[in-house]
Amino acid sequence: MDQPLRLLKLTTGENIIGEILQDTPTLVIIKHPLRAMLIPKPNGINLALLRWDFLFGFETVSFNKNSIIAFGQVSNEIEEAYTESIHRYYNQEDSPIVDKSESSDEDFMDELERACIVTGKQIGRASCRA
């Protein structure tokens, strides 16, 4: 990565992780934006990193600055999970990227579980374990 990863908190409540390629007065252009989701489990919290929006291209996405309420650097653990997820995506391994034209809520939760297993990182006291 050329630039440090950033976490963007959007007005929608979504947490987006990616590399900022360009920062203009009105837009932020992010490379490989992934949506970070925390999934509560009885024994902790799982982290799932999913492609932000499946209708957009994945290389770069422009975000309007009016939709960003906060941003900052990510921890080393989150950066490792992000890097692993991107690597798996490009190497066609079990990817946390959902690619289904039709899916139910149960299918979606199965994908989140699989994404969590793929990242497999412990984050503070929260762990990503099945």
# chains A, B, ... in the order shown; residues from 1 in each chain; ligands from 1
>>> residues_around(residues="stretch 8-13 of chain A", least_positions_apart="2", cutoff="12 Å", atoms="only C-alpha atoms", output="NGL selection string")
:A and (5-6 or 15-20 or 28-30 or 33-37 or 52 or 63-74)
>>> select_by_dssp(residues="stretch 5-85 of chain A", states="strand (DSSP E)", output="ChimeraX atom specification")
/A:5-10,15-23,27-41,44-51,60-64,68-73
>>> closest_residue(among="A:Glu77, A:Glu84, A:Asp53, A:Glu59", to="A:His32", atoms="only C-alpha atoms")
A:Glu59
>>> atom_distance(atom1="atom CA of A:Ser62", atom2="atom CA of A:Glu80")
23.6 Å
>>> closest_residue(among="A:Gly44, A:Thr60, A:Leu50, A:Gln3", to="A:Ile86", atoms="only C-alpha atoms")
A:Leu50
>>> decode(residues="stretch 8-107 of chain A", atoms="C-alpha atoms", output="mmCIF file, in the first residue's frame")
data_model
loop_
_atom_site.group_PDB
_atom_site.id
_atom_site.type_symbol
_atom_site.label_atom_id
_atom_site.label_comp_id
_atom_site.auth_asym_id
_atom_site.auth_seq_id
_atom_site.Cartn_x
_atom_site.Cartn_y
_atom_site.Cartn_z
ATOM 1 C CA LEU A 8 -14.357 6.416 7.184
ATOM 2 C CA LYS A 9 -17.569 6.600 9.192
ATOM 3 C CA LEU A 10 -20.390 7.508 6.814
ATOM 4 C CA THR A 11 -23.638 9.304 7.614
ATOM 5 C CA THR A 12 -25.364 5.969 6.847
ATOM 6 C CA GLY A 13 -23.560 4.408 9.823
ATOM 7 C CA GLU A 14 -21.312 2.288 7.606
ATOM 8 C CA ASN A 15 -17.622 1.909 8.416
ATOM 9 C CA ILE A 16 -15.491 1.908 5.251
ATOM 10 C CA ILE A 17 -11.831 0.914 5.181
ATOM 11 C CA GLY A 18 -9.568 1.706 2.242
ATOM 12 C CA GLU A 19 -6.575 3.535 0.887
ATOM 13 C CA ILE A 20 -7.178 7.210 0.139
ATOM 14 C CA LEU A 21 -5.887 7.946 -3.356
ATOM 15 C CA GLN A 22 -7.095 11.526 -3.611
ATOM 16 C CA ASP A 23 -8.622 14.083 -1.275
ATOM 17 C CA THR A 24 -10.324 17.028 -2.983
ATOM 18 C CA PRO A 25 -12.452 19.804 -1.476
ATOM 19 C CA THR A 26 -15.638 17.823 -2.216
ATOM 20 C CA LEU A 27 -14.592 14.166 -2.763
ATOM 21 C CA VAL A 28 -12.432 11.454 -1.254
ATOM 22 C CA ILE A 29 -11.345 8.739 -3.694
ATOM 23 C CA ILE A 30 -10.789 5.367 -2.034
ATOM 24 C CA LYS A 31 -8.983 2.335 -3.440
ATOM 25 C CA HIS A 32 -10.600 -1.050 -2.649
ATOM 26 C CA PRO A 33 -13.232 0.147 -0.170
ATOM 27 C CA LEU A 34 -14.356 -2.591 2.221
ATOM 28 C CA ARG A 35 -17.271 -2.323 4.632
ATOM 29 C CA ALA A 36 -16.325 -3.350 8.164
ATOM 30 C CA MET A 37 -19.112 -5.094 10.037
ATOM 31 C CA LEU A 38 -18.996 -6.196 13.652
ATOM 32 C CA ILE A 39 -21.092 -9.271 14.338
ATOM 33 C CA PRO A 40 -21.918 -10.031 17.977
ATOM 34 C CA LYS A 41 -21.384 -13.635 19.071
ATOM 35 C CA PRO A 42 -21.869 -15.242 22.481
ATOM 36 C CA ASN A 43 -18.081 -15.468 22.928
ATOM 37 C CA GLY A 44 -17.098 -12.078 21.482
ATOM 38 C CA ILE A 45 -17.395 -9.976 18.378
ATOM 39 C CA ASN A 46 -16.537 -11.104 14.863
ATOM 40 C CA LEU A 47 -15.175 -8.799 12.201
ATOM 41 C CA ALA A 48 -16.344 -9.182 8.606
ATOM 42 C CA LEU A 49 -14.813 -7.171 5.771
ATOM 43 C CA LEU A 50 -17.074 -7.074 2.734
ATOM 44 C CA ARG A 51 -16.928 -5.248 -0.554
ATOM 45 C CA TRP A 52 -18.610 -1.889 0.060
ATOM 46 C CA ASP A 53 -21.086 -1.986 -2.834
ATOM 47 C CA PHE A 54 -21.346 -4.713 -5.428
ATOM 48 C CA LEU A 55 -22.780 -2.413 -8.097
ATOM 49 C CA PHE A 56 -19.653 -0.231 -8.196
ATOM 50 C CA GLY A 57 -16.285 -1.132 -9.639
ATOM 51 C CA PHE A 58 -13.940 -2.301 -6.923
ATOM 52 C CA GLU A 59 -10.700 -0.508 -7.844
ATOM 53 C CA THR A 60 -11.720 3.030 -6.858
ATOM 54 C CA VAL A 61 -14.830 4.698 -5.496
ATOM 55 C CA SER A 62 -15.436 8.415 -4.928
ATOM 56 C CA PHE A 63 -17.185 9.417 -1.709
ATOM 57 C CA ASN A 64 -18.797 12.832 -1.293
ATOM 58 C CA LYS A 65 -17.277 14.529 1.749
ATOM 59 C CA ASN A 66 -20.782 15.484 2.917
ATOM 60 C CA SER A 67 -21.391 11.769 3.562
ATOM 61 C CA ILE A 68 -18.349 11.372 5.838
ATOM 62 C CA ILE A 69 -18.774 12.224 9.513
ATOM 63 C CA ALA A 70 -15.402 10.949 10.793
ATOM 64 C CA PHE A 71 -12.181 9.363 9.581
ATOM 65 C CA GLY A 72 -8.918 8.112 11.018
ATOM 66 C CA GLN A 73 -6.139 5.553 10.812
ATOM 67 C CA VAL A 74 -6.819 1.888 11.525
ATOM 68 C CA SER A 75 -5.012 -0.367 13.982
ATOM 69 C CA ASN A 76 -2.346 -2.824 12.851
ATOM 70 C CA GLU A 77 -4.769 -5.729 13.374
ATOM 71 C CA ILE A 78 -7.390 -4.142 11.118
ATOM 72 C CA GLU A 79 -4.759 -3.345 8.490
ATOM 73 C CA GLU A 80 -3.631 -6.999 8.498
ATOM 74 C CA ALA A 81 -7.223 -8.228 8.120
ATOM 75 C CA TYR A 82 -7.836 -5.750 5.279
ATOM 76 C CA THR A 83 -4.638 -6.739 3.454
ATOM 77 C CA GLU A 84 -5.497 -10.430 3.802
ATOM 78 C CA SER A 85 -9.027 -9.841 2.485
ATOM 79 C CA ILE A 86 -7.749 -7.930 -0.565
ATOM 80 C CA HIS A 87 -5.129 -10.611 -1.217
ATOM 81 C CA ARG A 88 -7.758 -13.358 -1.069
ATOM 82 C CA TYR A 89 -10.060 -11.394 -3.367
ATOM 83 C CA TYR A 90 -7.415 -11.070 -6.071
ATOM 84 C CA ASN A 91 -6.191 -14.636 -5.688
ATOM 85 C CA GLN A 92 -9.708 -16.108 -6.073
ATOM 86 C CA GLU A 93 -9.533 -17.858 -2.711
ATOM 87 C CA ASP A 94 -12.524 -18.065 -0.388
ATOM 88 C CA SER A 95 -13.299 -14.408 -0.596
ATOM 89 C CA PRO A 96 -15.276 -12.262 1.840
ATOM 90 C CA ILE A 97 -16.721 -10.630 -1.265
ATOM 91 C CA VAL A 98 -20.323 -11.749 -1.737
ATOM 92 C CA ASP A 99 -21.176 -12.432 -5.367
ATOM 93 C CA LYS A 100 -24.707 -13.823 -5.478
ATOM 94 C CA SER A 101 -27.507 -12.541 -7.630
ATOM 95 C CA GLU A 102 -30.177 -13.986 -5.340
ATOM 96 C CA SER A 103 -29.665 -14.535 -1.652
ATOM 97 C CA SER A 104 -31.757 -14.746 1.466
ATOM 98 C CA ASP A 105 -31.009 -13.251 4.882
ATOM 99 C CA GLU A 106 -29.711 -16.666 5.913
ATOM 100 C CA ASP A 107 -27.377 -16.738 2.887
#
